[in-house]
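Text of input-v2.txt, listed as compact mmCIF, C-alpha atoms:
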```txt
# COMPACT_ATOMS: atom_id res chain seq x y z
CA MET A 343 18.54 -1.50 -11.05
CA CYS A 344 16.41 -1.57 -7.90
CA PHE A 345 17.07 -4.13 -5.18
CA HIS A 346 14.25 -4.70 -2.72
CA CYS A 347 16.25 -4.92 0.49
CA TYR A 348 16.16 -3.71 4.04
CA GLN A 349 19.19 -2.51 5.93
CA PHE A 350 19.74 -3.85 9.43
CA THR A 351 22.46 -3.08 11.93
CA GLN A 352 24.12 -5.96 13.72
CA ARG A 353 25.51 -5.35 17.21
CA GLN A 354 26.01 -6.95 20.63
CA SER A 355 22.98 -6.96 22.92
CA VAL A 356 23.98 -7.33 26.56
CA PRO A 357 20.45 -7.23 28.07
CA ILE A 358 19.30 -10.33 26.15
CA GLY A 359 22.69 -12.01 26.15
CA GLN A 360 23.24 -12.10 22.38
CA ALA A 361 26.60 -11.43 20.77
CA SER A 362 24.92 -10.57 17.46
CA PHE A 363 21.45 -9.06 17.19
CA LEU A 364 19.83 -7.72 14.01
CA GLU A 365 17.71 -4.57 14.36
CA LEU A 366 16.53 -1.62 12.34
CA PRO A 367 18.69 1.53 12.67
CA ALA A 368 17.22 3.60 15.51
CA GLY A 369 17.95 6.76 17.47
CA MET A 370 16.77 8.33 20.71
CA MET A 371 15.05 11.69 20.92
CA ASP A 372 16.90 13.95 23.34
CA GLY A 373 14.90 17.16 23.03
CA LYS A 374 17.54 18.82 20.85
CA GLY A 375 16.04 18.12 17.42
CA GLY A 376 13.09 16.80 15.50
CA LEU A 377 12.41 13.20 14.66
CA ALA A 378 13.45 13.64 11.02
CA GLY A 379 16.78 15.12 12.13
CA ILE A 380 17.51 12.14 14.38
CA ALA A 381 16.58 9.69 11.59
CA ILE A 382 18.86 11.48 9.11
CA GLN A 383 21.76 11.41 11.58
CA VAL A 384 21.32 7.69 12.30
CA MET A 385 21.06 6.77 8.61
CA ASN A 386 24.26 8.64 7.89
CA GLN A 387 26.23 7.31 10.85
CA GLU A 388 25.10 3.69 10.79
CA CYS A 389 24.33 3.10 7.11
CA GLY A 390 26.45 5.69 5.28
CA ILE A 391 23.41 7.07 3.41
CA GLU A 392 22.71 10.79 3.05
CA VAL A 393 19.01 11.51 3.43
CA GLU A 394 16.86 14.62 2.95
CA ALA A 395 14.07 15.18 5.45
CA ASN A 396 11.44 15.37 2.70
CA GLU A 397 12.33 11.84 1.56
CA LEU A 398 11.20 10.28 4.85
CA ILE A 399 7.68 8.90 5.27
CA ASP A 400 6.36 8.67 8.84
CA LEU A 401 4.46 5.36 8.75
CA THR A 402 3.05 5.85 12.25
CA LEU A 403 1.65 9.27 11.32
CA LEU A 404 0.01 7.86 8.18
CA ALA A 405 -1.48 4.93 10.09
CA HIS A 406 -3.04 7.16 12.74
CA GLU A 407 -3.91 10.24 10.68
CA LYS A 408 -7.67 9.75 11.07
CA ALA A 409 -7.51 9.55 14.87
CA VAL A 410 -8.24 12.85 16.62
CA GLY A 411 -7.70 14.46 19.99
CA GLU A 412 -6.51 12.40 22.91
CA ASP A 413 -7.21 9.16 21.03
CA ARG A 414 -4.52 9.92 18.44
CA PRO A 415 -1.42 7.82 19.26
CA THR A 416 1.92 9.64 19.38
CA GLY A 417 3.65 6.50 18.14
CA ILE A 418 3.88 2.77 18.76
CA CYS A 419 4.04 1.96 22.48
CA PRO A 420 6.13 -1.17 23.26
CA SER A 421 4.54 -1.48 26.70
CA ALA A 422 2.00 1.18 27.57
CA GLY A 423 1.47 -0.27 31.03
CA GLY A 424 5.15 -0.31 31.86
CA CYS A 425 6.68 2.85 30.40
CA ASP A 426 5.84 6.03 28.52
CA GLU A 427 8.27 5.45 25.64
CA PHE A 428 6.97 5.30 22.10
CA ILE A 429 8.40 4.57 18.66
CA GLN A 430 7.81 6.46 15.41
CA ILE A 431 8.78 4.51 12.31
CA MET A 432 10.19 6.31 9.29
CA TYR A 433 10.34 4.78 5.80
CA LEU A 434 12.71 5.58 2.94
CA GLU A 435 13.35 4.12 -0.52
CA LYS A 436 16.54 4.69 -2.48
CA LYS A 437 17.69 3.48 -5.89
CA ILE A 438 21.21 2.11 -5.78
CA THR A 439 23.46 0.15 -8.12
CA ARG A 440 24.69 -3.37 -7.48
CA GLU A 441 28.17 -1.97 -6.84
CA GLU A 442 26.82 0.43 -4.19
CA LEU A 443 24.93 -2.42 -2.58
CA GLU A 444 28.07 -4.54 -2.34
CA ILE A 445 29.96 -1.67 -0.70
CA MET A 446 27.25 -1.37 1.94
CA LYS A 447 27.34 -5.02 2.92
CA GLY A 448 29.33 -5.53 6.11
CA ARG A 449 29.98 -1.81 6.55
CA LEU A 450 31.37 -1.05 10.01
CA ALA A 451 30.11 1.97 11.96
CA ARG A 452 32.03 2.55 15.17
CA LEU A 453 30.16 4.99 17.40
CA SER A 454 32.93 5.41 19.94
CA ASN A 455 31.05 7.97 22.01
CA HIS A 456 28.36 5.35 22.61
CA GLY A 457 30.78 2.43 23.00
CA GLU A 458 29.22 0.63 20.03
CA VAL A 459 30.60 -1.32 17.10
CA ILE A 460 27.89 -1.74 14.47
CA THR A 461 27.94 -3.84 11.31
CA LEU A 462 25.53 -3.10 8.46
CA ARG A 463 23.67 -6.08 7.05
CA VAL A 464 21.51 -6.02 3.91
CA VAL A 465 18.48 -8.32 4.03
CA PRO A 466 16.02 -9.24 1.20
CA PHE A 467 12.73 -7.49 1.82
CA ASP A 468 10.58 -10.63 1.93
CA GLU A 469 12.83 -12.23 4.55
CA ILE A 470 12.61 -9.45 7.15
CA TRP A 471 10.26 -11.38 9.39
CA LYS A 472 12.45 -14.47 9.27
CA VAL A 473 15.85 -13.04 10.16
CA SER A 474 15.18 -10.62 13.02
CA ALA A 475 13.45 -10.70 16.38
CA ASP A 476 13.49 -6.89 16.50
CA ALA A 477 10.06 -5.54 17.48
CA LYS A 478 10.70 -2.33 15.50
CA ALA A 479 11.30 -4.37 12.35
CA MET A 480 8.13 -6.41 12.82
CA CYS A 481 6.04 -3.28 13.41
CA ALA A 482 7.59 -1.53 10.41
CA PHE A 483 6.97 -4.53 8.15
CA PHE A 484 3.34 -4.82 9.26
CA LEU A 485 2.61 -1.09 8.99
CA LEU A 486 4.14 -0.85 5.54
CA GLU A 487 2.18 -3.80 4.20
CA LYS A 488 -1.13 -2.54 5.61
CA LEU A 489 -0.59 1.03 4.37
CA ARG A 490 0.15 -0.36 0.91
CA GLU A 491 -3.04 -2.41 0.99
CA GLN A 492 -4.95 0.83 1.73
CA GLY A 493 -3.18 2.67 -1.09
CA MET A 494 -1.57 5.11 1.36
CA VAL A 495 1.99 4.15 0.41
CA PRO A 496 3.03 3.24 -3.17
CA LEU A 497 3.99 -0.30 -4.06
CA LEU A 498 7.53 -1.46 -3.38
CA GLY A 499 9.99 0.22 -5.74
CA GLU A 500 7.53 2.83 -7.04
CA LEU A 501 8.57 5.46 -4.50
CA ALA A 502 12.33 5.02 -4.86
CA THR A 503 14.27 8.09 -5.93
CA PRO A 504 17.88 8.49 -7.03
CA LEU A 505 20.62 9.05 -4.46
CA ALA A 506 21.44 12.49 -5.90
CA ALA A 507 19.91 15.43 -4.01
CA GLU A 508 17.23 17.48 -5.78
CA PRO A 509 18.68 20.76 -7.11
CA LYS A 510 17.18 23.88 -5.54
CA LEU A 511 17.41 27.62 -6.09
CA LEU A 512 17.28 30.37 -3.51
CA MET A 513 14.59 33.02 -4.01
CA ARG A 514 15.03 36.69 -3.09
CA ASN A 515 13.03 36.28 0.12
CA GLY A 516 15.37 33.52 1.33
CA ASN A 517 13.01 30.61 0.58
CA SER A 518 14.18 27.80 -1.68
CA ILE A 519 12.43 26.37 -4.75
CA PRO A 520 13.10 23.04 -6.50
CA GLN A 521 14.85 23.88 -9.77
CA LEU A 522 13.06 21.14 -11.71
CA ALA A 523 9.27 21.37 -11.97
CA PHE A 524 6.69 19.13 -13.62
CA GLY A 525 4.29 21.28 -15.67
CA LEU A 526 0.67 20.12 -15.77
CA TYR A 527 -0.53 22.01 -18.86
CA LYS A 528 -2.71 19.58 -20.87
CA VAL A 529 -2.44 16.82 -18.24
CA PRO A 530 -6.00 15.41 -18.29
CA ALA A 531 -8.29 15.75 -15.29
CA SER A 532 -8.85 12.00 -15.10
CA ASP A 533 -7.43 8.74 -13.74
CA LYS A 534 -4.90 8.89 -16.55
CA GLY A 535 -3.82 12.33 -15.35
CA GLU A 536 -3.42 11.06 -11.80
CA GLN A 537 -1.18 8.26 -13.02
CA ILE A 538 0.92 10.70 -15.05
CA ILE A 539 1.51 12.74 -11.89
CA LEU A 540 2.23 9.64 -9.78
CA ASP A 541 4.77 8.52 -12.37
CA ALA A 542 6.43 11.93 -12.09
CA ILE A 543 6.56 11.61 -8.30
CA HIS A 544 8.10 8.16 -8.58
CA ALA A 545 10.68 9.60 -11.00
CA GLY A 546 11.70 12.11 -8.32
CA TYR A 547 9.70 15.28 -9.11
CA ARG A 548 8.50 17.22 -6.07
CA HIS A 549 7.66 20.59 -7.68
CA PHE A 550 4.36 20.64 -9.61
CA ASP A 551 3.11 23.60 -11.65
CA THR A 552 -0.65 23.82 -12.23
CA ALA A 553 -3.20 26.62 -12.79
CA SER A 554 -6.93 27.22 -12.55
CA PHE A 555 -6.91 27.50 -16.35
CA TYR A 556 -5.52 23.94 -16.64
CA ARG A 557 -8.56 22.54 -14.77
CA ASN A 558 -6.48 19.76 -13.21
CA GLU A 559 -5.79 21.11 -9.72
CA ALA A 560 -8.06 18.49 -8.13
CA THR A 561 -6.33 15.76 -10.15
CA LEU A 562 -3.00 16.95 -8.77
CA GLY A 563 -4.32 16.90 -5.21
CA ARG A 564 -5.61 13.33 -5.50
CA ALA A 565 -2.29 12.12 -6.90
CA LEU A 566 -0.27 13.87 -4.19
CA LYS A 567 -2.38 12.24 -1.47
CA LYS A 568 -2.05 8.83 -3.10
CA SER A 569 1.74 9.18 -3.14
CA GLY A 570 1.87 8.68 0.63
CA LEU A 571 4.27 11.61 1.03
CA ALA A 572 3.62 14.45 3.47
CA ARG A 573 2.59 17.93 2.25
CA ASP A 574 5.94 19.48 3.10
CA CYS A 575 7.67 17.06 0.72
CA PHE A 576 6.13 18.95 -2.21
CA PHE A 577 6.35 22.42 -3.73
CA ILE A 578 3.00 23.32 -5.35
CA THR A 579 2.62 26.23 -7.77
CA SER A 580 -0.66 27.51 -9.22
CA LYS A 581 -1.89 30.62 -11.03
CA VAL A 582 -4.88 32.96 -11.20
CA TRP A 583 -6.50 33.26 -14.63
CA ASN A 584 -7.60 36.36 -16.56
CA ASP A 585 -11.35 36.08 -15.95
CA ALA A 586 -10.95 36.49 -12.20
CA GLN A 587 -8.66 39.49 -12.67
CA THR A 588 -11.18 41.36 -14.83
CA LYS A 589 -13.86 40.93 -12.14
CA GLY A 590 -11.83 42.54 -9.37
CA ARG A 591 -9.99 41.67 -6.20
CA GLN A 592 -12.78 39.68 -4.54
CA ALA A 593 -12.98 37.47 -7.62
CA VAL A 594 -9.21 36.96 -7.43
CA ARG A 595 -9.49 35.92 -3.78
CA LYS A 596 -12.39 33.59 -4.58
CA SER A 597 -10.38 31.99 -7.40
CA VAL A 598 -7.41 31.33 -5.11
CA ILE A 599 -9.65 29.79 -2.42
CA GLN A 600 -11.33 27.61 -5.06
CA SER A 601 -7.90 26.45 -6.23
CA LEU A 602 -6.93 25.57 -2.65
CA LYS A 603 -10.14 23.58 -2.21
CA ALA A 604 -9.55 21.81 -5.52
CA VAL A 605 -6.04 20.69 -4.57
CA ASP A 606 -7.23 19.96 -1.00
CA PHE A 607 -3.75 19.18 0.30
CA GLY A 608 -2.29 21.20 3.13
CA GLY A 609 -4.29 24.42 2.77
CA TYR A 610 -1.61 26.57 1.13
CA PHE A 611 0.35 27.10 -2.08
CA ASP A 612 4.13 27.27 -2.01
CA LEU A 613 4.08 29.66 -4.98
CA PHE A 614 1.22 31.53 -6.65
CA LEU A 615 1.55 33.43 -9.92
CA ILE A 616 -0.41 35.96 -11.94
CA HIS A 617 -0.88 33.85 -15.08
CA TRP A 618 -1.08 36.77 -17.50
CA PRO A 619 -0.74 40.55 -16.96
CA VAL A 620 -4.29 41.66 -17.82
CA PRO A 621 -4.01 45.41 -18.66
CA GLY A 622 -5.53 47.62 -15.99
CA CYS A 623 -6.01 44.68 -13.64
CA PHE A 624 -2.73 43.03 -12.71
CA VAL A 625 -1.65 45.63 -10.11
CA GLU A 626 -4.83 45.11 -8.06
CA THR A 627 -4.54 41.35 -8.59
CA TYR A 628 -1.07 41.39 -7.11
CA LYS A 629 -2.23 43.46 -4.12
CA GLU A 630 -4.92 40.87 -3.37
CA LEU A 631 -2.39 38.05 -3.64
CA GLU A 632 -0.25 39.95 -1.12
CA MET A 633 -3.19 39.91 1.29
CA LEU A 634 -3.53 36.15 0.82
CA HIS A 635 0.21 35.79 1.37
CA ASP A 636 -0.07 37.69 4.64
CA GLY A 637 -2.87 35.31 5.65
CA GLY A 638 -0.72 32.23 5.07
CA LYS A 639 -2.63 30.91 2.05
CA ILE A 640 0.34 31.64 -0.24
CA HIS A 641 3.98 31.32 0.81
CA ASN A 642 5.62 32.99 -2.20
CA LEU A 643 4.35 35.29 -5.00
CA GLY A 644 5.44 35.45 -8.61
CA LEU A 645 4.66 36.60 -12.15
CA SER A 646 4.14 34.74 -15.40
CA ASN A 647 4.34 36.06 -18.97
CA PHE A 648 5.16 39.63 -17.87
CA SER A 649 7.17 41.93 -20.13
CA PRO A 650 9.86 44.19 -18.60
CA GLN A 651 7.53 47.17 -19.08
CA GLU A 652 4.67 45.45 -17.25
CA TYR A 653 7.01 44.45 -14.46
CA GLU A 654 8.15 48.06 -14.08
CA GLU A 655 4.52 49.20 -13.98
CA LEU A 656 3.82 46.78 -11.16
CA ILE A 657 6.87 47.93 -9.20
CA LYS A 658 5.82 51.57 -9.64
CA ASN A 659 2.16 51.16 -8.69
CA GLY A 660 2.12 47.98 -6.60
```
Mind turning the file's structure into structure tokens?
Amino acid sequence: MCFHCYQFTQRQSVPIGQASFLELPAGMMDGKGGLAGIAIQVMNQECGIEVEANELIDLTLLAHEKAVGEDRPTGICPSAGGCDEFIQIMYLEKKITREELEIMKGRLARLSNHGEVITLRVVPFDEIWKVSADAKAMCAFFLLEKLREQGMVPLLGELATPLAAEPKLLMRNGNSIPQLAFGLYKVPASDKGEQIILDAIHAGYRHFDTASFYRNEATLGRALKKSGLARDCFFITSKVWNDAQTKGRQAVRKSVIQSLKAVDFGGYFDLFLIHWPVPGCFVETYKELEMLHDGGKIHNLGLSNFSPQEYEELIKNG
């Protein structure tokens, strides 16, 4: 069951003379870590929720992504004429049970090193603007609603993922790969296909396996952008087809670049495979993929449908 709630922390506020003030969990950047790291630490300490960095959506980044150069805001400025501080607002959805929700209510978080005693309070989503005078909460509520209207963030509840962490495997080069992947073979290159992929994202999939042969790389790219999640939240795999291999290395390079343009999301593939070991061609194909890897277009290389003998041939001649 999904409960549409916000979590607030309740604490004393000496500057405004309130014994109990509701505000969104927040942390200060101290130059020792990234914004996502600070947000994860605060969520764990104050709310008791374990969060992965790729689950966080930076609402301020999404809102200002079309601004360029000096006009691009770093974050939300509470008082640009009075100080140089700014706020970046991160968004997260989690699916929890009623029992888990009850445990969270009234949770105490004593941050002794900061001299704080914090109480967690769960608030119905539609009542956020009524119960708190916190400027961060008002900005977050407004940004989220406007980004949803623009289709840049999914509707409430559609983005929520289970509390369990996504299983990952370690590859030989030290990089990790999500163990569960959503294969796109026969997913139509249409609005229906986009919705299939969005449904998979909402179910928790972050690894998507496509190929030039599937002819749905552009469909995947559109769905990923509509999800509202950043590029580094996903692991994208594609493959080079036989026709490019038979035409030589330049055709292989051209095929990869065309696939990147079709997906149009981030400018690189997390994993790229030789779809089939075309006899007399796959060694040169792999060498060209290595060049693309060195250029940053591909982060990891792999093989598909290779026999042990073909693998040995590649190792010997590659």
(Q) So that I can check the surroundings of stretch 549-566 of chain A, please list as a ChimeraX atom specification every protein, DNA and RNA residue that reaches within 8 Å of it, counting only C-alpha atoms and ignoring chain neighbours fewer than 2 positions away. (A) /A:520,522-533,535-537,539-540,547,568-571,576-583,597,601,604-607,617
Residues just named, written with C-alpha atoms as a PDB file, in the frame of the given file:
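Below is the file that was written, again-v7.pdb:
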```
ATOM      1  CA  PRO A 520      13.100  23.040  -6.500  1.00  0.00           C
ATOM      2  CA  LEU A 522      13.060  21.140 -11.710  1.00  0.00           C
ATOM      3  CA  ALA A 523       9.270  21.370 -11.970  1.00  0.00           C
ATOM      4  CA  PHE A 524       6.690  19.130 -13.620  1.00  0.00           C
ATOM      5  CA  GLY A 525       4.290  21.280 -15.670  1.00  0.00           C
ATOM      6  CA  LEU A 526       0.670  20.120 -15.770  1.00  0.00           C
ATOM      7  CA  TYR A 527      -0.530  22.010 -18.860  1.00  0.00           C
ATOM      8  CA  LYS A 528      -2.710  19.580 -20.870  1.00  0.00           C
ATOM      9  CA  VAL A 529      -2.440  16.820 -18.240  1.00  0.00           C
ATOM     10  CA  PRO A 530      -6.000  15.410 -18.290  1.00  0.00           C
ATOM     11  CA  ALA A 531      -8.290  15.750 -15.290  1.00  0.00           C
ATOM     12  CA  SER A 532      -8.850  12.000 -15.100  1.00  0.00           C
ATOM     13  CA  ASP A 533      -7.430   8.740 -13.740  1.00  0.00           C
ATOM     14  CA  GLY A 535      -3.820  12.330 -15.350  1.00  0.00           C
ATOM     15  CA  GLU A 536      -3.420  11.060 -11.800  1.00  0.00           C
ATOM     16  CA  GLN A 537      -1.180   8.260 -13.020  1.00  0.00           C
ATOM     17  CA  ILE A 539       1.510  12.740 -11.890  1.00  0.00           C
ATOM     18  CA  LEU A 540       2.230   9.640  -9.780  1.00  0.00           C
ATOM     19  CA  TYR A 547       9.700  15.280  -9.110  1.00  0.00           C
ATOM     20  CA  LYS A 568      -2.050   8.830  -3.100  1.00  0.00           C
ATOM     21  CA  SER A 569       1.740   9.180  -3.140  1.00  0.00           C
ATOM     22  CA  GLY A 570       1.870   8.680   0.630  1.00  0.00           C
ATOM     23  CA  LEU A 571       4.270  11.610   1.030  1.00  0.00           C
ATOM     24  CA  PHE A 576       6.130  18.950  -2.210  1.00  0.00           C
ATOM     25  CA  PHE A 577       6.350  22.420  -3.730  1.00  0.00           C
ATOM     26  CA  ILE A 578       3.000  23.320  -5.350  1.00  0.00           C
ATOM     27  CA  THR A 579       2.620  26.230  -7.770  1.00  0.00           C
ATOM     28  CA  SER A 580      -0.660  27.510  -9.220  1.00  0.00           C
ATOM     29  CA  LYS A 581      -1.890  30.620 -11.030  1.00  0.00           C
ATOM     30  CA  VAL A 582      -4.880  32.960 -11.200  1.00  0.00           C
ATOM     31  CA  TRP A 583      -6.500  33.260 -14.630  1.00  0.00           C
ATOM     32  CA  SER A 597     -10.380  31.990  -7.400  1.00  0.00           C
ATOM     33  CA  SER A 601      -7.900  26.450  -6.230  1.00  0.00           C
ATOM     34  CA  ALA A 604      -9.550  21.810  -5.520  1.00  0.00           C
ATOM     35  CA  VAL A 605      -6.040  20.690  -4.570  1.00  0.00           C
ATOM     36  CA  ASP A 606      -7.230  19.960  -1.000  1.00  0.00           C
ATOM     37  CA  PHE A 607      -3.750  19.180   0.300  1.00  0.00           C
ATOM     38  CA  HIS A 617      -0.880  33.850 -15.080  1.00  0.00           C
TER      39      HIS A 617
END
```
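Straight-line separation from atom CA of A:Tyr653 to atom CA of A:Arg591: 19.1 Å.
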Q) Pick from A:Val465, A:Ala545, A:Ile429, A:Ile391: nearest to A:Glu442, with only C-alpha atoms counted? A)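 So, comparing all the options, the nearest one is A:Ile391.
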**Q.** Gap from atom CA of A:Arg573 to atom CA of A:Tyr610 - Å, one decimal
**A.**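 Computing the Euclidean distance for atom CA of A:Arg573 and atom CA of A:Tyr610 yields 9.7 Å.
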Q: Provide the atom CA of A:Lys603 to atom CA of A:Gly637 distance in Å, to one decimal place.
A: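 Distance between the two atoms: 15.9 Å.
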Would you compute, for all listed atoms of stretch 396-400 of chain A, the axis-aligned bounding box grown by 4 Å on each side, and then report its centre and edge lengths in Å rounded to one decimal, as AutoDock Vina command-line options?
```
--center_x 9.3 --center_y 12.0 --center_z 5.2 --size_x 14.0 --size_y 14.7 --size_z 15.3
```
Q. When distances are computed from only C-alpha atoms, which of A:Ser646, A:Gln592, A:Gln651, A:Ser474 shows the smallest separation from A:Leu634?
A. A:Gln592
Q | Nearest-residue call for A:Glu630, choices A:Val594, A:Leu512, A:Ala542, A:Ile599, using all atoms listed in the file | A |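 Answer, going by the shortest atom-to-atom distance: A:Val594.
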